[in-house]
Every structure is written in structure tokens, then in C-alpha cells.
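See below for data_8.pdb, which holds PDB, C-alpha atoms and all ligand atoms.
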```pdb
ATOM      1  CA  MET A   1       0.000   0.000   0.000
ATOM      2  CA  SER A   2       1.277   3.511  -0.794
ATOM      3  CA  ALA A   3       2.366   6.059   1.838
ATOM      4  CA  PRO A   4      -0.471   7.350   4.017
ATOM      5  CA  VAL A   5      -2.109  10.711   3.318
ATOM      6  CA  LEU A   6      -2.875  11.210   7.015
ATOM      7  CA  GLU A   7      -1.161   9.832  10.111
ATOM      8  CA  LEU A   8      -2.188  10.222  13.737
ATOM      9  CA  ASP A   9       0.576   9.186  16.051
ATOM     10  CA  GLY A  10      -0.100   8.912  19.784
ATOM     11  CA  ILE A  11      -2.729  11.692  19.775
ATOM     12  CA  ASP A  12      -4.175  12.890  23.081
ATOM     13  CA  ALA A  13      -6.861  15.576  22.903
ATOM     14  CA  GLY A  14      -9.770  16.937  24.885
ATOM     15  CA  TYR A  15     -11.936  19.881  25.781
ATOM     16  CA  GLY A  16     -10.640  21.920  28.710
ATOM     17  CA  ALA A  17      -9.956  19.516  31.550
ATOM     18  CA  PHE A  18     -11.889  16.692  29.853
ATOM     19  CA  ARG A  19      -9.730  14.215  27.962
ATOM     20  CA  ALA A  20     -11.479  12.640  24.980
ATOM     21  CA  LEU A  21      -8.598  10.858  23.170
ATOM     22  CA  PHE A  22      -5.840   8.679  24.587
ATOM     23  CA  GLY A  23      -2.831   7.917  22.388
ATOM     24  CA  VAL A  24      -4.809   7.504  19.164
ATOM     25  CA  THR A  25      -2.627   6.056  16.412
ATOM     26  CA  PHE A  26      -3.725   5.094  12.898
ATOM     27  CA  SER A  27      -3.292   6.206   9.305
ATOM     28  CA  VAL A  28      -5.403   6.767   6.202
ATOM     29  CA  PRO A  29      -3.834   5.233   3.081
ATOM     30  CA  SER A  30      -3.289   7.509   0.124
ATOM     31  CA  GLY A  31      -6.207   7.118  -2.286
ATOM     32  CA  GLY A  32      -7.950   4.883   0.235
ATOM     33  CA  VAL A  33     -10.970   5.009   2.496
ATOM     34  CA  CYS A  34     -10.774   4.700   6.269
ATOM     35  CA  ALA A  35     -13.946   4.036   8.281
ATOM     36  CA  LEU A  36     -13.848   5.472  11.782
ATOM     37  CA  LEU A  37     -16.278   3.504  13.930
ATOM     38  CA  GLY A  38     -17.305   3.342  17.554
ATOM     39  CA  PRO A  39     -20.217   3.772  19.943
ATOM     40  CA  ASN A  40     -21.634   7.176  20.931
ATOM     41  CA  GLY A  41     -19.136   9.317  22.759
ATOM     42  CA  ALA A  42     -16.153   7.140  21.742
ATOM     43  CA  GLY A  43     -14.307  10.136  20.319
ATOM     44  CA  LYS A  44     -14.913   9.803  16.557
ATOM     45  CA  THR A  45     -15.878  13.430  16.000
ATOM     46  CA  THR A  46     -12.959  14.549  18.134
ATOM     47  CA  VAL A  47     -10.595  12.545  15.914
ATOM     48  CA  ALA A  48     -12.183  14.175  12.856
ATOM     49  CA  ARG A  49     -11.705  17.612  14.428
ATOM     50  CA  VAL A  50      -8.052  16.866  15.247
ATOM     51  CA  ALA A  51      -7.486  15.694  11.668
ATOM     52  CA  SER A  52      -8.892  18.929  10.255
ATOM     53  CA  GLY A  53      -7.138  21.221  12.760
ATOM     54  CA  LEU A  54     -10.286  22.234  14.674
ATOM     55  CA  VAL A  55      -9.048  20.621  17.894
ATOM     56  CA  ARG A  56      -5.417  20.942  18.830
ATOM     57  CA  PRO A  57      -3.877  17.771  20.263
ATOM     58  CA  THR A  58      -2.224  18.019  23.678
ATOM     59  CA  ASN A  59       0.176  15.236  22.785
ATOM     60  CA  GLY A  60       1.267  13.233  19.738
ATOM     61  CA  ARG A  61       1.906  14.116  16.106
ATOM     62  CA  LEU A  62      -0.320  14.713  13.089
ATOM     63  CA  ARG A  63       1.193  14.236   9.640
ATOM     64  CA  LEU A  64      -0.218  15.095   6.224
ATOM     65  CA  ARG A  65       1.526  13.377   3.313
ATOM     66  CA  GLY A  66       4.514  12.878   5.608
ATOM     67  CA  ASP A  67       4.726  16.539   6.729
ATOM     68  CA  ASP A  68       4.324  17.284  10.415
ATOM     69  CA  VAL A  69       1.260  19.553  10.690
ATOM     70  CA  THR A  70       0.640  19.158  14.430
ATOM     71  CA  GLY A  71      -1.050  22.243  15.902
ATOM     72  CA  GLN A  72      -1.648  23.940  12.556
ATOM     73  CA  PRO A  73      -4.974  25.779  12.355
ATOM     74  CA  ALA A  74      -7.881  24.503  10.285
ATOM     75  CA  TRP A  75      -7.465  27.102   7.536
ATOM     76  CA  LYS A  76      -3.876  25.991   6.931
ATOM     77  CA  LEU A  77      -4.862  22.348   6.739
ATOM     78  CA  ALA A  78      -7.720  23.302   4.416
ATOM     79  CA  ARG A  79      -5.237  25.044   2.169
ATOM     80  CA  ALA A  80      -3.062  21.914   2.284
ATOM     81  CA  GLY A  81      -5.983  19.870   0.945
ATOM     82  CA  VAL A  82      -8.065  18.748   3.920
ATOM     83  CA  ALA A  83     -11.835  19.238   3.559
ATOM     84  CA  HIS A  84     -14.195  18.581   6.458
ATOM     85  CA  ALA A  85     -17.812  17.888   5.503
ATOM     86  CA  VAL A  86     -20.178  18.148   8.444
ATOM     87  CA  GLU A  87     -23.936  17.911   8.423
ATOM     88  CA  GLY A  88     -25.540  21.224   7.486
ATOM     89  CA  ARG A  89     -22.548  23.369   8.306
ATOM     90  CA  SER A  90     -21.077  24.109   4.959
ATOM     91  CA  VAL A  91     -23.971  25.701   3.076
ATOM     92  CA  PHE A  92     -25.005  29.343   3.180
ATOM     93  CA  ALA A  93     -28.651  29.166   4.239
ATOM     94  CA  SER A  94     -29.832  32.445   2.719
ATOM     95  CA  LEU A  95     -28.196  31.878  -0.678
ATOM     96  CA  THR A  96     -29.788  29.731  -3.359
ATOM     97  CA  VAL A  97     -28.443  26.329  -4.332
ATOM     98  CA  GLU A  98     -26.854  27.802  -7.453
ATOM     99  CA  GLU A  99     -25.321  30.756  -5.584
ATOM    100  CA  ASN A 100     -23.758  28.320  -3.112
ATOM    101  CA  LEU A 101     -22.276  26.280  -5.931
ATOM    102  CA  VAL A 102     -21.056  29.304  -7.888
ATOM    103  CA  LEU A 103     -19.308  30.684  -4.799
ATOM    104  CA  ALA A 104     -17.504  27.414  -4.141
ATOM    105  CA  PHE A 105     -16.586  26.789  -7.790
ATOM    106  CA  ARG A 106     -15.324  30.335  -8.321
ATOM    107  CA  ARG A 107     -13.077  30.007  -5.309
ATOM    108  CA  SER A 108     -11.653  26.639  -6.305
ATOM    109  CA  LEU A 109     -11.787  26.739 -10.109
ATOM    110  CA  GLY A 110     -11.841  30.416 -11.050
ATOM    111  CA  ARG A 111     -14.528  32.233 -13.036
ATOM    112  CA  LYS A 112     -13.918  30.236 -16.227
ATOM    113  CA  GLY A 113     -14.470  26.878 -14.525
ATOM    114  CA  VAL A 114     -17.894  27.716 -13.119
ATOM    115  CA  ASP A 115     -20.207  26.810 -16.020
ATOM    116  CA  GLY A 116     -18.651  23.394 -16.616
ATOM    117  CA  ALA A 117     -18.646  22.599 -12.919
ATOM    118  CA  LEU A 118     -22.312  23.588 -12.572
ATOM    119  CA  GLU A 119     -23.219  21.331 -15.458
ATOM    120  CA  ARG A 120     -21.358  18.395 -13.902
ATOM    121  CA  ALA A 121     -22.907  19.043 -10.477
ATOM    122  CA  TYR A 122     -26.462  19.053 -11.874
ATOM    123  CA  ALA A 123     -25.732  15.934 -13.920
ATOM    124  CA  SER A 124     -24.544  14.124 -10.772
ATOM    125  CA  PHE A 125     -27.325  15.555  -8.602
ATOM    126  CA  PRO A 126     -30.466  16.156 -10.701
ATOM    127  CA  ARG A 127     -32.334  16.966  -7.488
ATOM    128  CA  LEU A 128     -30.085  20.001  -6.983
ATOM    129  CA  GLY A 129     -30.685  21.060 -10.582
ATOM    130  CA  GLU A 130     -34.431  21.060  -9.978
ATOM    131  CA  ARG A 131     -33.916  23.190  -6.880
ATOM    132  CA  ARG A 132     -31.266  25.539  -8.206
ATOM    133  CA  SER A 133     -33.270  28.686  -7.307
ATOM    134  CA  GLN A 134     -34.291  27.494  -3.850
ATOM    135  CA  GLU A 135     -32.646  28.951  -0.718
ATOM    136  CA  ALA A 136     -30.214  26.375   0.654
ATOM    137  CA  GLY A 137     -31.575  26.801   4.187
ATOM    138  CA  THR A 138     -34.936  25.428   3.051
ATOM    139  CA  LEU A 139     -33.500  22.219   1.532
ATOM    140  CA  SER A 140     -34.057  18.951   3.362
ATOM    141  CA  GLY A 141     -31.170  17.581   5.446
ATOM    142  CA  GLY A 142     -30.295  15.083   2.717
ATOM    143  CA  GLU A 143     -30.383  17.720  -0.009
ATOM    144  CA  GLN A 144     -28.114  20.000   2.039
ATOM    145  CA  ARG A 145     -25.584  17.201   2.332
ATOM    146  CA  MET A 146     -25.772  16.636  -1.417
ATOM    147  CA  LEU A 147     -25.084  20.331  -1.899
ATOM    148  CA  SER A 148     -21.984  20.103   0.323
ATOM    149  CA  LEU A 149     -20.789  17.027  -1.563
ATOM    150  CA  ALA A 150     -21.478  18.616  -4.954
ATOM    151  CA  ARG A 151     -19.099  21.404  -3.957
ATOM    152  CA  VAL A 152     -16.459  18.866  -2.930
ATOM    153  CA  LEU A 153     -16.846  16.788  -6.097
ATOM    154  CA  ALA A 154     -16.032  19.754  -8.323
ATOM    155  CA  ASP A 155     -12.586  20.069  -6.794
ATOM    156  CA  PRO A 156     -11.694  16.871  -4.933
ATOM    157  CA  PRO A 157      -9.500  17.513  -1.878
ATOM    158  CA  ALA A 158      -6.477  15.395  -0.946
ATOM    159  CA  LEU A 159      -8.409  14.223   2.108
ATOM    160  CA  LEU A 160     -12.150  14.443   2.688
ATOM    161  CA  ILE A 161     -13.305  14.000   6.260
ATOM    162  CA  ALA A 162     -16.983  13.043   6.197
ATOM    163  CA  ASP A 163     -18.528  13.215   9.661
ATOM    164  CA  GLU A 164     -21.841  11.362   9.994
ATOM    165  CA  LEU A 165     -23.060  12.510   6.602
ATOM    166  CA  SER A 166     -25.782   9.877   6.549
ATOM    167  CA  LEU A 167     -27.132  10.647  10.024
ATOM    168  CA  GLY A 168     -30.920  10.775  10.037
ATOM    169  CA  LEU A 169     -31.298  10.326   6.271
ATOM    170  CA  ALA A 170     -33.760   8.060   4.493
ATOM    171  CA  PRO A 171     -32.042   4.901   3.142
ATOM    172  CA  VAL A 172     -32.457   6.003  -0.481
ATOM    173  CA  ILE A 173     -30.644   9.275   0.281
ATOM    174  CA  VAL A 174     -27.933   7.400   2.192
ATOM    175  CA  ASP A 175     -27.390   5.347  -0.987
ATOM    176  CA  GLU A 176     -26.920   8.573  -2.910
ATOM    177  CA  VAL A 177     -24.471   9.938  -0.329
ATOM    178  CA  TYR A 178     -22.425   6.727  -0.579
ATOM    179  CA  ARG A 179     -22.457   6.758  -4.379
ATOM    180  CA  THR A 180     -21.125  10.304  -4.186
ATOM    181  CA  LEU A 181     -18.417   9.373  -1.703
ATOM    182  CA  GLN A 182     -17.368   6.601  -4.102
ATOM    183  CA  ALA A 183     -17.267   9.147  -6.967
ATOM    184  CA  ILE A 184     -15.146  11.507  -4.856
ATOM    185  CA  ARG A 185     -12.770   8.644  -4.167
ATOM    186  CA  GLU A 186     -12.587   7.774  -7.857
ATOM    187  CA  ALA A 187     -11.761  11.424  -8.539
ATOM    188  CA  GLY A 188      -8.605  10.939  -6.459
ATOM    189  CA  SER A 189      -9.454  11.895  -2.861
ATOM    190  CA  SER A 190      -8.649   9.869   0.215
ATOM    191  CA  LEU A 191     -11.525   9.599   2.682
ATOM    192  CA  LEU A 192     -11.919   9.431   6.434
ATOM    193  CA  ILE A 193     -15.529   8.461   7.103
ATOM    194  CA  VAL A 194     -17.137   8.758  10.526
ATOM    195  CA  GLU A 195     -20.189   6.578  10.435
ATOM    196  CA  GLN A 196     -22.925   4.982  12.506
ATOM    197  CA  HIS A 197     -24.027   2.749   9.605
ATOM    198  CA  VAL A 198     -21.195   0.301  10.205
ATOM    199  CA  HIS A 199     -21.869  -2.025   7.291
ATOM    200  CA  ARG A 200     -22.179   0.704   4.700
ATOM    201  CA  ALA A 201     -18.919   2.271   5.828
ATOM    202  CA  LEU A 202     -17.134  -1.082   5.812
ATOM    203  CA  ASP A 203     -18.381  -1.806   2.283
ATOM    204  CA  LEU A 204     -16.557   1.269   1.003
ATOM    205  CA  ALA A 205     -13.542   1.207   3.348
ATOM    206  CA  ASP A 206     -10.093  -0.286   2.845
ATOM    207  CA  VAL A 207      -9.104   0.182   6.465
ATOM    208  CA  ALA A 208     -11.135   0.559   9.627
ATOM    209  CA  VAL A 209     -10.480   2.063  13.019
ATOM    210  CA  LEU A 210     -12.631   1.120  15.987
ATOM    211  CA  LEU A 211     -12.614   3.538  18.905
ATOM    212  CA  GLY A 212     -13.817   2.833  22.405
ATOM    213  CA  LYS A 213     -13.695   5.403  25.205
ATOM    214  CA  GLY A 214     -11.138   7.506  23.380
ATOM    215  CA  SER A 215      -8.716   4.669  22.602
ATOM    216  CA  VAL A 216      -8.105   2.626  19.459
ATOM    217  CA  ARG A 217      -9.477  -0.896  19.844
ATOM    218  CA  TYR A 218      -8.737  -1.961  16.271
ATOM    219  CA  ALA A 219      -6.865  -0.398  13.376
ATOM    220  CA  GLY A 220      -6.290  -2.482  10.271
ATOM    221  CA  PRO A 221      -7.890  -3.888   7.120
ATOM    222  CA  ALA A 222     -11.658  -3.278   7.007
ATOM    223  CA  ALA A 223     -12.189  -6.948   6.235
ATOM    224  CA  GLY A 224     -10.345  -7.928   9.427
ATOM    225  CA  ILE A 225     -12.644  -6.163  11.868
ATOM    226  CA  GLY A 226     -14.891  -9.249  12.001
ATOM    227  CA  ASP A 227     -16.644  -9.908  15.302
ATOM    228  CA  LEU A 228     -15.635  -6.559  16.759
ATOM    229  CA  THR A 229     -18.508  -5.024  14.787
ATOM    230  CA  GLN A 230     -20.920  -7.208  16.799
ATOM    231  CA  GLU A 231     -19.561  -5.699  19.984
ATOM    232  CA  LEU A 232     -19.905  -2.285  18.390
ATOM    233  CA  LEU A 233     -23.482  -2.820  17.283
ATOM    234  CA  ALA A 234     -24.405  -4.078  20.736
ATOM    235  CA  ASN A 235     -23.391  -0.699  22.171
TER     236      ASN A 235
HETATM  237  P1  LIG B   1     -21.216  10.322  18.664
HETATM  238  O1  LIG B   1     -21.188   9.061  17.874
HETATM  239  O2  LIG B   1     -22.214  10.262  19.801
HETATM  240  O3  LIG B   1     -21.290  11.570  17.858
HETATM  241  P2  LIG B   1     -18.317  10.526  19.003
HETATM  242  O4  LIG B   1     -17.674   9.175  18.989
HETATM  243  O5  LIG B   1     -18.240  11.328  17.773
HETATM  244  O6  LIG B   1     -19.821  10.386  19.497
HETATM  245  P3  LIG B   1     -17.161  12.810  20.323
HETATM  246  O7  LIG B   1     -18.181  13.752  19.796
HETATM  247  O8  LIG B   1     -15.783  12.866  19.763
HETATM  248  O9  LIG B   1     -17.690  11.293  20.240
HETATM  249  O10 LIG B   1     -17.098  13.002  21.890
HETATM  250  C1  LIG B   1     -16.132  12.349  22.700
HETATM  251  C2  LIG B   1     -16.288  12.879  24.127
HETATM  252  O11 LIG B   1     -15.939  14.261  24.160
HETATM  253  C3  LIG B   1     -17.712  12.783  24.648
HETATM  254  O12 LIG B   1     -17.672  12.377  26.003
HETATM  255  C4  LIG B   1     -18.251  14.201  24.511
HETATM  256  O13 LIG B   1     -19.204  14.499  25.507
HETATM  257  C5  LIG B   1     -16.996  15.038  24.683
HETATM  258  N1  LIG B   1     -17.075  16.296  23.919
HETATM  259  C6  LIG B   1     -17.270  16.427  22.578
HETATM  260  N2  LIG B   1     -17.276  17.720  22.199
HETATM  261  C7  LIG B   1     -17.095  18.432  23.348
HETATM  262  C8  LIG B   1     -17.005  19.827  23.630
HETATM  263  N3  LIG B   1     -17.097  20.744  22.654
HETATM  264  N4  LIG B   1     -16.823  20.189  24.931
HETATM  265  C9  LIG B   1     -16.717  19.265  25.916
HETATM  266  N5  LIG B   1     -16.772  17.935  25.707
HETATM  267  C10 LIG B   1     -16.966  17.520  24.441
END
```

Would it be possible to restate this file's structure as C-alpha cells?
Amino acid sequence: MSAPVLELDGIDAGYGAFRALFGVTFSVPSGGVCALLGPNGAGKTTVARVASGLVRPTNGRLRLRGDDVTGQPAWKLARAGVAHAVEGRSVFASLTVEENLVLAFRRSLGRKGVDGALERAYASFPRLGERRSQEAGTLSGGEQRMLSLARVLADPPALLIADELSLGLAPVIVDEVYRTLQAIREAGSSLLIVEQHVHRALDLADVAVLLGKGSVRYAGPAAGIGDLTQELLAN
């Protein structure tokens, strides 16, 4: 397997006096998909926030494509190619679907790239095409996540961190989210997926990390997680 895009090495992190992560060590293979699994409160979102620079580790090292980026702020990691997709956070509620897309495409592709990118986005997400004049804040939860992913797909990042993107969505929309994640991977991104739908995440993943109470219980091939998922589902 090629060199990892992201490495966490002995990461401790928390919120004030509360410690959420204890020596977390794992890596995301370049071009691969890592599923980050674990029961509620295990620390998955905290790992995602450390990986995108939103939470600063108190101990350990974070490396991006081999470079030590420990303690760098989120905007620097974003510039280095880390995108963090979180439910509902990345759309501008009072702008229309099309205005949201144009803003993102102009920033990443320049004025000349906008028309082509819009066409591709509406081809991938016909539902967004139908709602191009609708304010993003009035889209359903699933449609808002599609809008965030449509922006990502136009300019695939080195690493996409997808935190619970399928939370609360109807199964048919979850299918669409997963098809899009697969397309983003095929476009060259590596993915770190935080997910409650264990089996869906494992279907897409090459490697899996199982967290329990802030510590890594398993880190290795997705296929090797075996019975540990039973323990996970029981929680
Ligand atoms: P879930 O699946 O329920 O979303 P998770 O595995 O993503 O959980 P985290 O959100 O990383 O877990 O939370 C890990 C621990 O850190 C929890 O005990 C949580 O209460 C705590 N925590 C998370 N965010 C904060 C915060 N901003 N301030 C204080 N404690 C926090």
C-alpha cells in the first residue's frame, strides 16, 4: 500500500480539563478510504476535528503526506488539501443552491471553470438542478448534504473527512451519499468516514479504526474487523 495521506501518532486531545482521546494512532492510506467507527461518545468526531485542525492535540503528532502539521490551524490544513464535511454546516442558508455552488466553484476553479462545474454538479445531482433557485436553508437535510458534496466533487480535496453525513437520512438518500463518496474517491481523494451505519462504511472502506472510550481498539484492514462489529453494534 502507498504512503499514508494522514497519520495520527499517539494523539491525546480533549476539551478543557476533559480528555477525549488517549494515544490515538492510525493512518489513512493515500487514495484509500478509512472508516472510523465506535459507539456514541467514543471520540470519533474529536478525531475528525483533530485531523482537520479544529481541535489541537495536547500530545502526539499529526502528519499530512509525511509533513508534520501538528497544531496547525484549520485554515492551513484546508489550504493543504483537507476538507471537512459536516452535516448542514457548509452551506449558506440564505443563498440559493446555485449561488452556493457558484461561490464554491469560483473560489476553487476560477470564473472560467464555473459553467462546466455547474453542469457536472447538476448531472450528478439532478435533485439540486431542480432546486437551483431554492434557498439552501430550506433544503431537506439530505439535499443539504448533497449540496456540500457537490461542492467537494467539483474540486476533490487530498483528504475528505466526512462526519456522519448519513445521520438521520432516508435509506435512499444514504445510498446517494455513498455513491457520491465513491465518486469523490474515484476522482482521487482519500476519505476518512465517521459513520454509525457500520456495514455501509465497511463496504466502502479499505481500512477501519474502531474507537472505544477515546482509545483505538482496532486499526487495520476493514475486512479484518470481524466480530468486533458485533460488539460495536451491541453498544
Ligand atoms: P457520537 O457518535 O455520539 O457523535 P463521538 O464518537 O463522535 O460520538 P465525540 O463527539 O468525539 O464522540 O465526543 C467524545 C467525548 O468528548 C464525549 O464524552 C463528549 O461528551 C466530549 N465532547 C465532545 N465535544 C465536546 C465539547 N465541545 N466540549 C466538551 N466535551 C466535548

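By all atoms listed in the file, and with residues fewer than 5 positions from stretch 94-101 of chain A along its chain excluded, the set lying at most 8 Å from it is A:Leu118, A:Leu128, A:Arg131, A:Arg132, A:Ser133, A:Gln134, A:Glu135, A:Ala136, A:Gly137, A:Leu147, A:Ala150, A:Arg151.
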
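Straight-line separation from atom CA of A:Ala205 to atom CA of A:Val33: 4.7 Å.
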
What residues come out when you apply the PyMOL selection byres (((not hetatm)) within 9 of (chain B and resi 1)) to this file, written as an MDAnalysis selection string?
chainID A and resid 14:21 36:49 163:164 194:196 211:214

Can those selected residues be exported to a file as a short mmCIF file (atom, residue, chain, number, x, y, z; two decimals), in the frame of the given file so that it contains C-alpha atoms?
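Output file result-v7.cif follows:
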```cif
data_model
loop_
_atom_site.label_atom_id
_atom_site.label_comp_id
_atom_site.auth_asym_id
_atom_site.auth_seq_id
_atom_site.Cartn_x
_atom_site.Cartn_y
_atom_site.Cartn_z
CA GLY A 14 -9.77 16.94 24.88
CA TYR A 15 -11.94 19.88 25.78
CA GLY A 16 -10.64 21.92 28.71
CA ALA A 17 -9.96 19.52 31.55
CA PHE A 18 -11.89 16.69 29.85
CA ARG A 19 -9.73 14.22 27.96
CA ALA A 20 -11.48 12.64 24.98
CA LEU A 21 -8.60 10.86 23.17
CA LEU A 36 -13.85 5.47 11.78
CA LEU A 37 -16.28 3.50 13.93
CA GLY A 38 -17.30 3.34 17.55
CA PRO A 39 -20.22 3.77 19.94
CA ASN A 40 -21.63 7.18 20.93
CA GLY A 41 -19.14 9.32 22.76
CA ALA A 42 -16.15 7.14 21.74
CA GLY A 43 -14.31 10.14 20.32
CA LYS A 44 -14.91 9.80 16.56
CA THR A 45 -15.88 13.43 16.00
CA THR A 46 -12.96 14.55 18.13
CA VAL A 47 -10.60 12.54 15.91
CA ALA A 48 -12.18 14.18 12.86
CA ARG A 49 -11.70 17.61 14.43
CA ASP A 163 -18.53 13.22 9.66
CA GLU A 164 -21.84 11.36 9.99
CA VAL A 194 -17.14 8.76 10.53
CA GLU A 195 -20.19 6.58 10.44
CA GLN A 196 -22.92 4.98 12.51
CA LEU A 211 -12.61 3.54 18.90
CA GLY A 212 -13.82 2.83 22.40
CA LYS A 213 -13.70 5.40 25.20
CA GLY A 214 -11.14 7.51 23.38
#
```

Counting all atoms listed in the file, what is within 7 Å of A:Ile11, bar same-chain residues fewer than 3 positions away, as a PDB file with C-alpha atoms, in the frame of the given file?
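And here is the file that came out, selection.pdb:
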```
ATOM      1  CA  LEU A   8      -2.188  10.222  13.737  1.00  0.00           C
ATOM      2  CA  LEU A  21      -8.598  10.858  23.170  1.00  0.00           C
ATOM      3  CA  PHE A  22      -5.840   8.679  24.587  1.00  0.00           C
ATOM      4  CA  GLY A  23      -2.831   7.917  22.388  1.00  0.00           C
ATOM      5  CA  VAL A  24      -4.809   7.504  19.164  1.00  0.00           C
ATOM      6  CA  THR A  25      -2.627   6.056  16.412  1.00  0.00           C
ATOM      7  CA  PRO A  57      -3.877  17.771  20.263  1.00  0.00           C
ATOM      8  CA  ASN A  59       0.176  15.236  22.785  1.00  0.00           C
ATOM      9  CA  GLY A  60       1.267  13.233  19.738  1.00  0.00           C
ATOM     10  CA  ARG A  61       1.906  14.116  16.106  1.00  0.00           C
TER      11      ARG A  61
END
```

Could you tell me which of A:Gly116, A:Pro221, A:Gly32, A:Gly53 comes closest to A:Val82 if we count all atoms listed in the file?
A:Gly53

Can you tell me, as a list of chain:residue names, what residues are no more than 12 Å from A:Gly188 when counting only C-alpha atoms, ignoring any on the same chain fewer than 5 positions away?
A:Val5, A:Ser30, A:Gly31, A:Gly32, A:Val33, A:Gly81, A:Val152, A:Leu153, A:Ala154, A:Asp155, A:Pro156, A:Pro157, A:Ala158, A:Leu159, A:Leu160, A:Leu181, A:Gln182, A:Ala183

Just the selected residues (C-alpha atoms), exported as a compact mmCIF listing (two decimals), keeping the file's coordinate frame, please.
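Printed below is result28.txt as written:
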```txt
# COMPACT_ATOMS: atom_id res chain seq x y z
CA VAL A 5 -2.11 10.71 3.32
CA SER A 30 -3.29 7.51 0.12
CA GLY A 31 -6.21 7.12 -2.29
CA GLY A 32 -7.95 4.88 0.24
CA VAL A 33 -10.97 5.01 2.50
CA GLY A 81 -5.98 19.87 0.94
CA VAL A 152 -16.46 18.87 -2.93
CA LEU A 153 -16.85 16.79 -6.10
CA ALA A 154 -16.03 19.75 -8.32
CA ASP A 155 -12.59 20.07 -6.79
CA PRO A 156 -11.69 16.87 -4.93
CA PRO A 157 -9.50 17.51 -1.88
CA ALA A 158 -6.48 15.40 -0.95
CA LEU A 159 -8.41 14.22 2.11
CA LEU A 160 -12.15 14.44 2.69
CA LEU A 181 -18.42 9.37 -1.70
CA GLN A 182 -17.37 6.60 -4.10
CA ALA A 183 -17.27 9.15 -6.97
```

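Separating atom CA of A:Asp115 from atom CA of A:Ala80 is a distance of 25.6 Å.
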
Would you give the centre and edge lengths, in Å to one decimal, of a box along x, y and z around the listed atoms of stretch 163-176 of chain A, with 4 Å added to each side, as lines of an AutoDock Vina configuration file?
```
center_x = -26.1
center_y = 9.1
center_z = 3.6
size_x = 23.2
size_y = 16.3
size_z = 20.9
```

Can you work out the spacing between atom CA of A:Glu130 and atom CA of A:Gly113 in Å, to one decimal?
21.3 Å

On this structure, the PyMOL selection byres (((chain A and resi 63) around 10) and not hetatm) would catch which residues? List them as number ranges by chain, sorted by chain and number.
A: 4-9, 27, 51, 61-62, 64-70

Could you list the residues chosen by the PyMOL selection byres (((chain A and resi 178) around 10) and not hetatm) in this structure as a VMD selection string?
chain A and resid 165 to 166 173 to 177 179 to 184 200 to 201 203 to 204

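Shortest separation to A:Ala83 among A:Leu167, A:Ala219, A:Ile193, A:Ile161 occurs at residue A:Ile161, atoms counted being all atoms listed in the file.
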
Which is closest to A:Gly141 among A:Ala121, A:Leu169, A:Ala104, A:Ser190, if we use all atoms listed in the file?
A:Leu169
